[in-house]
file final.txt (compact mmCIF, C-alpha atoms and all ligand atoms)
# COMPACT_ATOMS: atom_id res chain seq x y z
CA SER A 1 101.00 131.81 -90.24
CA THR A 2 102.15 128.56 -91.78
CA VAL A 3 99.81 126.76 -94.18
CA ALA A 4 99.47 124.04 -91.52
CA GLU A 5 98.19 126.68 -89.05
CA LEU A 6 95.76 128.05 -91.65
CA ILE A 7 94.48 124.52 -92.21
CA ARG A 8 94.04 123.86 -88.49
CA ASN A 9 92.18 127.14 -88.05
CA THR A 10 89.70 127.00 -90.97
CA ASP A 11 86.29 127.27 -89.43
CA LYS A 12 84.35 127.94 -92.62
CA PRO A 13 84.24 126.07 -95.94
CA SER A 14 87.31 126.92 -97.98
CA PHE A 15 89.49 125.36 -100.62
CA SER A 16 92.95 124.97 -102.03
CA PHE A 17 94.02 123.87 -105.47
CA GLU A 18 96.94 122.33 -107.28
CA LEU A 19 98.71 123.70 -110.36
CA LEU A 20 101.34 122.17 -112.61
CA PRO A 21 104.35 124.17 -113.79
CA PRO A 22 103.99 124.86 -117.54
CA LEU A 23 105.53 122.42 -119.98
CA LYS A 24 109.13 123.44 -120.68
CA GLY A 25 109.29 126.46 -122.98
CA ASN A 26 105.72 127.62 -122.34
CA SER A 27 104.75 130.89 -120.71
CA ILE A 28 103.62 131.09 -117.09
CA GLN A 29 100.56 133.05 -118.23
CA LYS A 30 98.36 129.95 -118.23
CA VAL A 31 99.15 129.46 -114.53
CA PHE A 32 98.21 133.08 -113.83
CA ASN A 33 94.99 132.73 -115.88
CA THR A 34 93.88 129.83 -113.67
CA ILE A 35 94.61 131.81 -110.50
CA ASP A 36 92.86 134.91 -111.91
CA LYS A 37 89.78 132.78 -112.44
CA LEU A 38 89.80 131.15 -108.99
CA LYS A 39 91.11 133.89 -106.72
CA GLU A 40 87.68 135.44 -106.10
CA PHE A 41 86.89 132.41 -103.91
CA ASN A 42 89.88 133.18 -101.66
CA PRO A 43 91.88 129.96 -101.90
CA LEU A 44 93.62 129.22 -98.62
CA TYR A 45 96.82 128.22 -100.45
CA ILE A 46 98.00 126.95 -103.84
CA ASN A 47 100.06 123.79 -104.42
CA ILE A 48 102.60 123.56 -107.22
CA THR A 49 103.56 120.08 -108.36
CA SER A 50 107.08 118.81 -108.95
CA HIS A 51 108.07 116.50 -111.80
CA ARG A 52 110.72 113.87 -112.23
CA ASP A 53 112.59 113.53 -115.49
CA GLU A 54 111.27 111.36 -118.28
CA VAL A 55 113.00 109.31 -120.93
CA VAL A 56 112.81 110.60 -124.48
CA TYR A 57 114.25 108.47 -127.30
CA LYS A 58 116.35 110.47 -129.79
CA GLN A 59 118.46 109.55 -132.78
CA ASN A 60 122.13 110.38 -132.44
CA ALA A 61 124.41 111.51 -135.34
CA GLN A 62 124.95 107.85 -136.34
CA GLY A 63 121.21 107.32 -136.62
CA ILE A 64 121.09 105.13 -133.52
CA THR A 65 118.14 105.71 -131.19
CA GLU A 66 119.32 106.48 -127.68
CA PRO A 67 117.42 107.23 -124.50
CA GLN A 68 117.86 110.72 -123.13
CA VAL A 69 116.52 112.05 -119.89
CA PHE A 70 114.64 115.34 -119.73
CA ARG A 71 112.49 117.09 -117.20
CA LYS A 72 109.38 118.22 -119.07
CA ARG A 73 108.03 120.48 -116.35
CA PRO A 74 110.90 122.15 -114.53
CA GLY A 75 110.40 125.30 -112.50
CA THR A 76 108.40 124.34 -109.39
CA VAL A 77 110.34 126.70 -107.10
CA ALA A 78 110.21 129.63 -109.51
CA VAL A 79 106.50 129.16 -110.25
CA ALA A 80 105.78 129.09 -106.50
CA ALA A 81 107.83 132.25 -105.96
CA SER A 82 106.18 134.12 -108.80
CA ILE A 83 102.68 133.22 -107.56
CA GLN A 84 103.54 134.35 -104.03
CA HIS A 85 105.02 137.59 -105.36
CA ARG A 86 102.10 138.39 -107.66
CA TYR A 87 99.11 137.27 -105.60
CA HIS A 88 100.26 137.13 -101.96
CA ILE A 89 98.49 133.80 -101.64
CA PRO A 90 100.42 131.19 -99.60
CA VAL A 91 102.13 128.66 -101.87
CA VAL A 92 103.04 125.04 -101.23
CA PRO A 93 105.66 123.74 -103.68
CA HIS A 94 105.92 119.96 -103.82
CA MET A 95 109.27 118.26 -103.31
CA ILE A 96 109.78 114.71 -104.53
CA CYS A 97 112.46 112.04 -104.19
CA SER A 98 112.28 110.65 -107.73
CA GLY A 99 114.63 112.26 -110.19
CA PHE A 100 116.41 114.38 -107.57
CA THR A 101 119.58 113.75 -105.61
CA ARG A 102 119.68 114.83 -101.97
CA SER A 103 122.08 117.63 -102.93
CA GLU A 104 119.69 118.97 -105.56
CA THR A 105 116.94 118.87 -102.95
CA GLU A 106 119.16 120.74 -100.49
CA TYR A 107 119.86 123.47 -103.07
CA ALA A 108 116.12 123.80 -103.75
CA LEU A 109 115.44 124.10 -100.02
CA ILE A 110 118.09 126.80 -99.69
CA ASP A 111 116.48 128.69 -102.59
CA LEU A 112 113.05 128.36 -100.99
CA ASN A 113 114.37 129.69 -97.68
CA PHE A 114 115.82 132.75 -99.46
CA LEU A 115 112.50 133.25 -101.22
CA GLY A 116 110.58 133.18 -97.95
CA ILE A 117 108.68 130.00 -98.88
CA HIS A 118 108.52 127.60 -95.94
CA ASP A 119 105.47 125.45 -96.67
CA LEU A 120 106.03 122.19 -98.54
CA LEU A 121 104.31 118.99 -99.56
CA LEU A 122 106.83 116.13 -99.27
CA LEU A 123 106.38 113.13 -101.55
CA ARG A 124 108.21 110.22 -103.01
CA GLY A 125 107.14 110.78 -106.61
CA ASP A 126 106.30 108.06 -109.07
CA CYS A 127 108.48 105.42 -110.61
CA SER A 128 110.60 106.69 -113.49
CA ASP A 129 109.73 105.22 -116.88
CA ARG A 130 113.35 104.03 -116.96
CA HIS A 131 112.46 101.41 -114.33
CA GLN A 132 109.74 98.87 -113.74
CA PHE A 133 109.68 99.47 -109.99
CA PHE A 134 110.49 102.58 -108.02
CA LYS A 135 114.22 103.06 -107.69
CA PRO A 136 115.66 106.06 -105.92
CA GLU A 137 118.09 108.30 -107.75
CA GLU A 138 121.75 107.55 -107.04
CA GLY A 139 122.29 109.73 -103.96
CA GLY A 140 118.56 110.44 -103.74
CA ASN A 141 115.88 109.79 -101.13
CA ALA A 142 113.96 106.52 -101.35
CA TYR A 143 110.73 107.30 -99.50
CA ALA A 144 108.84 110.43 -98.56
CA ILE A 145 109.96 109.84 -94.97
CA ASP A 146 113.62 110.12 -96.03
CA LEU A 147 112.82 113.50 -97.55
CA ILE A 148 111.11 114.44 -94.27
CA HIS A 149 114.30 113.55 -92.38
CA GLN A 150 116.36 115.66 -94.78
CA VAL A 151 114.06 118.66 -94.23
CA ASN A 152 114.06 118.08 -90.44
CA ASN A 153 117.87 118.04 -90.45
CA LEU A 154 118.01 121.25 -92.42
CA ASN A 155 115.51 122.81 -90.02
CA LYS A 156 118.06 122.05 -87.30
CA GLY A 157 120.81 123.68 -89.38
CA GLN A 158 122.47 120.40 -90.45
CA PHE A 159 123.57 120.35 -94.08
CA LEU A 160 124.45 117.22 -96.07
CA ASP A 161 128.18 117.92 -96.08
CA GLY A 162 128.25 118.11 -92.31
CA THR A 163 128.17 121.92 -92.14
CA LEU A 164 126.37 123.02 -89.01
CA MET A 165 124.65 126.39 -89.06
CA GLU A 166 122.15 128.25 -86.93
CA PRO A 167 118.69 126.77 -87.60
CA PHE A 168 116.69 128.68 -90.23
CA GLU A 169 114.76 131.54 -88.69
CA THR A 170 111.53 130.10 -90.11
CA PRO A 171 111.62 126.32 -90.24
CA PHE A 172 110.00 124.43 -93.10
CA SER A 173 106.55 123.12 -92.28
CA TYR A 174 105.05 120.38 -94.41
CA GLY A 175 102.25 118.00 -95.28
CA VAL A 176 102.26 114.60 -96.98
CA ALA A 177 100.08 112.48 -99.28
CA GLY A 178 97.49 109.88 -98.22
CA TYR A 179 95.51 107.34 -100.24
CA PRO A 180 91.88 106.55 -99.30
CA GLU A 181 92.00 103.64 -101.76
CA LYS A 182 95.60 102.76 -100.71
CA HIS A 183 98.80 103.46 -102.57
CA GLU A 184 99.23 101.17 -105.56
CA GLU A 185 102.34 99.49 -104.13
CA ALA A 186 101.03 98.97 -100.60
CA PRO A 187 100.06 95.37 -99.85
CA ASN A 188 96.93 96.59 -98.05
CA LEU A 189 95.38 99.75 -96.61
CA ASP A 190 96.50 99.03 -93.02
CA SER A 191 100.12 98.77 -94.10
CA ASP A 192 99.83 102.00 -96.06
CA ILE A 193 98.33 103.76 -93.01
CA TYR A 194 101.15 102.36 -90.85
CA TRP A 195 103.69 104.15 -93.07
CA LEU A 196 101.49 107.24 -93.21
CA LYS A 197 101.60 107.38 -89.41
CA GLN A 198 105.41 107.22 -89.54
CA LYS A 199 105.36 110.33 -91.76
CA VAL A 200 103.04 112.14 -89.34
CA ASP A 201 105.10 111.10 -86.30
CA ALA A 202 108.21 112.41 -88.10
CA GLY A 203 106.64 115.87 -88.47
CA ALA A 204 103.99 116.04 -91.21
CA GLU A 205 101.31 118.45 -90.03
CA TYR A 206 98.53 117.52 -92.46
CA ILE A 207 97.60 115.01 -95.14
CA ILE A 208 96.21 115.75 -98.59
CA THR A 209 94.56 112.78 -100.22
CA GLN A 210 94.74 111.31 -103.65
CA MET A 211 91.61 112.04 -105.70
CA PHE A 212 88.61 109.85 -104.99
CA PHE A 213 85.03 109.77 -106.30
CA ASP A 214 83.32 107.86 -103.52
CA ASN A 215 83.04 109.82 -100.27
CA ASP A 216 82.33 106.67 -98.25
CA LYS A 217 85.85 105.45 -99.05
CA PHE A 218 87.32 108.73 -97.80
CA VAL A 219 85.27 108.72 -94.59
CA GLU A 220 86.29 105.11 -93.92
CA PHE A 221 89.94 106.03 -94.52
CA VAL A 222 89.74 108.95 -92.10
CA GLY A 223 88.19 106.61 -89.50
CA LYS A 224 91.03 104.12 -89.92
CA CYS A 225 93.64 106.88 -89.69
CA ARG A 226 92.09 108.18 -86.46
CA GLN A 227 92.03 104.64 -85.03
CA SER A 228 95.73 104.37 -85.85
CA GLY A 229 96.46 107.51 -83.87
CA ILE A 230 96.83 109.91 -86.82
CA ASN A 231 95.38 113.14 -85.51
CA VAL A 232 96.43 115.75 -88.08
CA PRO A 233 93.92 117.29 -90.54
CA ILE A 234 93.13 115.09 -93.57
CA ILE A 235 92.16 117.16 -96.59
CA PRO A 236 90.05 115.46 -99.26
CA GLY A 237 91.33 115.75 -102.84
CA LEU A 238 88.69 116.19 -105.54
CA LYS A 239 88.99 116.13 -109.32
CA PRO A 240 86.14 117.01 -111.66
CA ILE A 241 86.13 114.61 -114.61
CA ASN A 242 86.05 116.60 -117.84
CA SER A 243 86.85 114.15 -120.60
CA LYS A 244 85.55 110.70 -121.40
CA ASN A 245 88.95 109.05 -121.59
CA GLN A 246 89.49 109.92 -117.89
CA LEU A 247 87.07 107.05 -117.20
CA THR A 248 89.95 104.68 -117.94
CA VAL A 249 92.97 106.99 -117.52
CA LEU A 250 92.28 108.07 -113.91
CA PRO A 251 91.90 104.51 -112.55
CA LYS A 252 95.09 103.50 -114.39
CA ILE A 253 97.23 106.43 -113.26
CA PHE A 254 95.78 107.26 -109.86
CA HIS A 255 94.43 103.85 -108.81
CA THR A 256 91.04 105.18 -107.86
CA ASP A 257 87.66 103.62 -108.58
CA ILE A 258 84.98 105.49 -110.47
CA PRO A 259 81.57 104.56 -109.03
CA GLU A 260 79.27 102.92 -111.59
CA ALA A 261 76.60 105.61 -111.09
CA LEU A 262 79.10 108.22 -112.32
CA ALA A 263 80.61 106.00 -115.02
CA LYS A 264 77.12 105.30 -116.39
CA GLU A 265 76.25 108.99 -116.67
CA LEU A 266 79.60 109.73 -118.34
CA ARG A 267 79.17 106.96 -120.88
CA LYS A 268 75.86 108.51 -121.97
CA CYS A 269 77.49 111.88 -122.76
CA GLU A 270 77.94 112.77 -126.39
CA THR A 271 79.85 116.05 -126.13
CA LYS A 272 82.75 117.33 -124.06
CA GLU A 273 80.39 119.92 -122.53
CA GLN A 274 78.07 117.17 -121.33
CA VAL A 275 81.02 115.28 -119.80
CA SER A 276 82.19 118.43 -117.96
CA LYS A 277 78.65 119.04 -116.69
CA VAL A 278 78.32 115.50 -115.31
CA GLY A 279 81.84 115.60 -113.82
CA THR A 280 81.23 118.99 -112.24
CA GLU A 281 77.86 118.00 -110.78
CA TRP A 282 79.43 114.90 -109.25
CA SER A 283 82.21 116.97 -107.63
CA ILE A 284 79.63 119.47 -106.31
CA MET A 285 77.68 116.60 -104.79
CA GLN A 286 80.89 115.24 -103.21
CA ALA A 287 81.95 118.70 -101.99
CA LYS A 288 78.60 119.52 -100.36
CA ASP A 289 78.44 116.12 -98.70
CA LEU A 290 81.99 116.48 -97.34
CA VAL A 291 81.33 119.98 -96.03
CA SER A 292 78.14 118.72 -94.35
CA LYS A 293 80.27 116.03 -92.67
CA GLY A 294 82.62 118.67 -91.24
CA PHE A 295 85.39 118.61 -93.85
CA ASN A 296 85.58 122.35 -94.30
CA LEU A 297 88.66 122.41 -96.46
CA LEU A 298 88.65 120.74 -99.87
CA HIS A 299 91.60 120.39 -102.25
CA PHE A 300 91.01 120.51 -106.01
CA TYR A 301 93.10 119.00 -108.75
CA THR A 302 92.68 121.61 -111.50
CA MET A 303 94.57 119.65 -114.23
CA MET A 304 93.04 121.12 -117.35
CA ALA A 305 89.73 121.55 -115.53
CA SER A 306 89.98 125.04 -114.05
CA GLN A 307 86.61 126.05 -115.53
CA CYS A 308 84.98 123.08 -113.79
CA VAL A 309 86.68 124.00 -110.50
CA TYR A 310 85.38 127.56 -110.98
CA ASN A 311 81.84 126.25 -111.44
CA ILE A 312 82.15 124.04 -108.37
CA ALA A 313 83.56 126.86 -106.23
CA LYS A 314 80.76 129.18 -107.40
CA ASP A 315 78.19 126.67 -106.24
CA VAL A 316 79.87 125.60 -102.99
CA TYR A 317 81.46 128.86 -101.70
P1 LIG B 401 105.67 107.21 -99.65
O1 LIG B 401 105.01 107.76 -98.45
O2 LIG B 401 107.15 107.13 -99.67
O3 LIG B 401 105.06 105.74 -99.87
C1 LIG B 401 105.35 104.97 -101.04
C2 LIG B 401 104.97 103.52 -100.83
O4 LIG B 401 105.86 102.88 -99.92
C3 LIG B 401 103.59 103.30 -100.20
O5 LIG B 401 103.09 102.11 -100.74
C4 LIG B 401 103.85 103.15 -98.72
O6 LIG B 401 102.90 102.33 -98.10
C5 LIG B 401 105.24 102.53 -98.69
N1 LIG B 401 106.17 103.06 -97.68
C6 LIG B 401 106.24 104.32 -97.20
N2 LIG B 401 107.29 104.46 -96.37
C7 LIG B 401 107.91 103.28 -96.34
C8 LIG B 401 109.08 102.78 -95.68
N3 LIG B 401 109.80 103.59 -94.89
N4 LIG B 401 109.44 101.50 -95.89
C9 LIG B 401 108.71 100.67 -96.69
N5 LIG B 401 107.58 101.09 -97.34
C10 LIG B 401 107.20 102.36 -97.18
N6 LIG B 401 103.99 112.91 -107.63
C11 LIG B 401 104.90 113.70 -108.26
O7 LIG B 401 105.78 113.17 -108.94
N7 LIG B 401 104.88 115.07 -108.13
C12 LIG B 401 103.94 115.71 -107.39
O8 LIG B 401 103.95 116.93 -107.30
C13 LIG B 401 102.95 114.92 -106.72
N8 LIG B 401 102.00 115.51 -105.95
C14 LIG B 401 101.10 114.72 -105.29
C15 LIG B 401 100.16 115.31 -104.44
C16 LIG B 401 99.23 114.54 -103.73
C17 LIG B 401 98.24 115.23 -102.82
C18 LIG B 401 99.24 113.13 -103.88
C19 LIG B 401 98.23 112.29 -103.15
C20 LIG B 401 100.18 112.52 -104.70
C21 LIG B 401 101.12 113.29 -105.41
N9 LIG B 401 102.10 112.72 -106.22
C22 LIG B 401 103.02 113.51 -106.87
C23 LIG B 401 102.13 111.26 -106.43
C24 LIG B 401 103.06 110.52 -105.43
O9 LIG B 401 104.37 111.00 -105.54
C25 LIG B 401 102.99 109.03 -105.72
O10 LIG B 401 101.72 108.53 -105.41
C26 LIG B 401 104.10 108.17 -105.15
O11 LIG B 401 104.04 106.90 -105.78
C27 LIG B 401 104.00 107.94 -103.64
O12 LIG B 401 104.33 109.07 -102.94
P2 LIG B 401 104.21 109.13 -101.34
O13 LIG B 401 104.82 110.40 -100.91
O14 LIG B 401 102.85 108.82 -100.91
O15 LIG B 401 105.22 107.91 -100.98

call {"tool": "encode", "arguments": {"input": "final.txt", "output": "structure tokens"}}
result
Amino acid sequence: STVAELIRNTDKPSFSFELLPPLKGNSIQKVFNTIDKLKEFNPLYINITSHRDEVVYKQNAQGITEPQVFRKRPGTVAVAASIQHRYHIPVVPHMICSGFTRSETEYALIDLNFLGIHDLLLLRGDCSDRHQFFKPEEGGNAYAIDLIHQVNNLNKGQFLDGTLMEPFETPFSYGVAGYPEKHEEAPNLDSDIYWLKQKVDAGAEYIITQMFFDNDKFVEFVGKCRQSGINVPIIPGLKPINSKNQLTVLPKIFHTDIPEALAKELRKCETKEQVSKVGTEWSIMQAKDLVSKGFNLLHFYTMMASQCVYNIAKDVY
């Protein structure tokens, strides 16, 4: 089955989680350790993020500081393949527009087809720190929907250089991102949902949301999506807070509000353990409430919080 089929057919509470490829030069063991910890709860699938390049300033031989571009976390395709090979759990590598040309994306898709990986999450990616506003790579896709069109074309056997082949035996199937508190660049939530619907109409089979800490906002978002004619599954994304600085970092990076009731409890914490406990309890409360409202499948951002996700899964599943 495709991941989209698994998602449509979940009739009992289950979960998926997201992993980052290791920082360049590090071993993959940390990725495996996280999976070893969480696999007893039978994750439905595992997402592997993709990362654009970042600017690093280096001194050249003349002592002049020059910007150089590096990808700090390469390896999405290989990490996905090694997880699938080792654990036989379905994997969903992310593909992004930022930092990749369409040709590079095509090569990655060809690799994935050879590896027997046909489930993807298609995204635009964030603005490079070389620019103030999002700017596509020269020869790259500008929006997630452009990436969707590229994948759809390849599914039909159409390559970028005009080569026409038999369609792949197993076409790529994919989901996209949604934002209960709207994407930072969208003028308003309705406009964001309008573009989200375009992605669904173009072929996205499910939506995974940005992290949120207020379930009412998610439920309202789902209602608005349904009113707009978006009928695919919408999977809530949850992140247990496990350090105090996330109180300011998460709103800045992910443009999500932290309810005052949670912020207040976190401010009172004096140790990292206390912060993790408060963050975990909040996620458990969110998870149980969502499951009671019929959202059987939850998606966890593990980002340095795999122990918290373990504790949540132990309580909820
Ligand atoms: P898009 O759908 O392209 O939307 C971008 C903005 O443009 C929105 O404001 C939208 O309203 C608007 N818009 C959309 N289409 C059009 C159009 N055709 N014309 C005009 N406006 C339009 N980032 C990474 O770099 N790597 C990852 O692995 C990664 N994984 C993620 C996983 C999830 C579940 C989520 C929620 C986000 C993830 N991100 C990741 C972050 C994401 O890439 C950023 O939030 C990015 O800024 C937007 O991506 P998108 O796919 O939602 O963009």

call {"tool": "closest_residue", "arguments": {"input": "final.txt", "among": "A:Val232, A:Leu189, A:Ala263, A:Leu298", "to": "Trp282 in chain A", "atoms": "all atoms listed in the file"}}
result
A:Ala263

call {"tool": "residues_near_ligand", "arguments": {"input": "final.txt", "ligand": "ligand LIG 401 (chain B)", "cutoff": "8 Å", "atoms": "only C-alpha atoms and all ligand atoms", "output": "MDAnalysis selection string"}}
result
chainID A and resid 20 48:52 93:96 98 121:127 142:146 176:179 182:187 191:196 198:199 207:211 237 254

call {"tool": "closest_residue", "arguments": {"input": "final.txt", "among": "A:Ile258, A:Thr271, A:Asn215, A:Lys244", "to": "Gln286 in chain A", "atoms": "all atoms listed in the file"}}
result
A:Asn215

call {"tool": "residues_around", "arguments": {"input": "final.txt", "residues": "Thr34 in chain A", "least_positions_apart": "5", "cutoff": "10 Å", "atoms": "all atoms listed in the file", "output": "list in words"}}
result
Leu19, Gln29, Lys39, Thr302, Met304, Ala305, Ser306, Gln307, Val309 and Tyr310 of chain A

call {"tool": "residues_around", "arguments": {"input": "final.txt", "residues": "range 41-43 of chain A", "least_positions_apart": "5", "cutoff": "9 Å", "atoms": "only C-alpha atoms", "output": "ChimeraX atom specification"}}
result
/A:14-17,89-90,310,313-314,317

call {"tool": "closest_residue", "arguments": {"input": "final.txt", "among": "A:Ile46, A:Phe213, A:Lys293, A:Val249", "to": "Glu281 in chain A", "atoms": "all atoms listed in the file"}}
result
A:Phe213

call {"tool": "residues_around", "arguments": {"input": "final.txt", "residues": "Asp214 in chain A", "least_positions_apart": "4", "cutoff": "12 Å", "atoms": "all atoms listed in the file", "output": "PyMOL selection string"}}
result
chain A and resi 180-181+210+218-221+236-239+256-263+282-283+285-287+289-290

call {"tool": "closest_atom_pairs", "arguments": {"input": "final.txt", "of": "range 130-216 of chain A", "to": "range 101-111 of chain A", "cutoff": "7 Å", "atoms": "all atoms listed in the file", "output": "Markdown table"}}
result
| residue | atom | partner | partner_atom | distance |
| --- | --- | --- | --- | --- |
| A:Glu137 | CA | A:Thr101 | CA | 6.0 |
| A:Glu138 | CA | A:Thr101 | CA | 6.7 |
| A:Gly139 | CA | A:Thr101 | CA | 5.1 |
| A:Gly140 | CA | A:Thr101 | CA | 3.9 |
| A:Asn141 | CA | A:Arg102 | CA | 6.4 |

call {"tool": "residues_near_point", "arguments": {"input": "final.txt", "point": "(112.1, 134.5, -108.6)", "cutoff": "12 Å", "atoms": "all atoms listed in the file", "output": "JSON, numbers by chain"}}
result
{"A": [75, 76, 77, 78, 79, 80, 81, 82, 83, 84, 85, 86, 111, 112, 114, 115, 116, 117]}

call {"tool": "write_last_selection", "arguments": {"input": "final.txt", "atoms": "C-alpha atoms", "output": "mmCIF file, in the frame of the given file"}}
result
data_model
loop_
_atom_site.group_PDB
_atom_site.id
_atom_site.type_symbol
_atom_site.label_atom_id
_atom_site.label_comp_id
_atom_site.auth_asym_id
_atom_site.auth_seq_id
_atom_site.Cartn_x
_atom_site.Cartn_y
_atom_site.Cartn_z
ATOM 1 C CA GLY A 75 110.400 125.300 -112.500
ATOM 2 C CA THR A 76 108.400 124.340 -109.390
ATOM 3 C CA VAL A 77 110.340 126.700 -107.100
ATOM 4 C CA ALA A 78 110.210 129.630 -109.510
ATOM 5 C CA VAL A 79 106.500 129.160 -110.250
ATOM 6 C CA ALA A 80 105.780 129.090 -106.500
ATOM 7 C CA ALA A 81 107.830 132.250 -105.960
ATOM 8 C CA SER A 82 106.180 134.120 -108.800
ATOM 9 C CA ILE A 83 102.680 133.220 -107.560
ATOM 10 C CA GLN A 84 103.540 134.350 -104.030
ATOM 11 C CA HIS A 85 105.020 137.590 -105.360
ATOM 12 C CA ARG A 86 102.100 138.390 -107.660
ATOM 13 C CA ASP A 111 116.480 128.690 -102.590
ATOM 14 C CA LEU A 112 113.050 128.360 -100.990
ATOM 15 C CA PHE A 114 115.820 132.750 -99.460
ATOM 16 C CA LEU A 115 112.500 133.250 -101.220
ATOM 17 C CA GLY A 116 110.580 133.180 -97.950
ATOM 18 C CA ILE A 117 108.680 130.000 -98.880
#

call {"tool": "closest_residue", "arguments": {"input": "final.txt", "among": "A:Asn113, A:Phe168, A:Gln158, A:Pro13", "to": "Asp315 in chain A", "atoms": "only C-alpha atoms"}}
result
A:Pro13
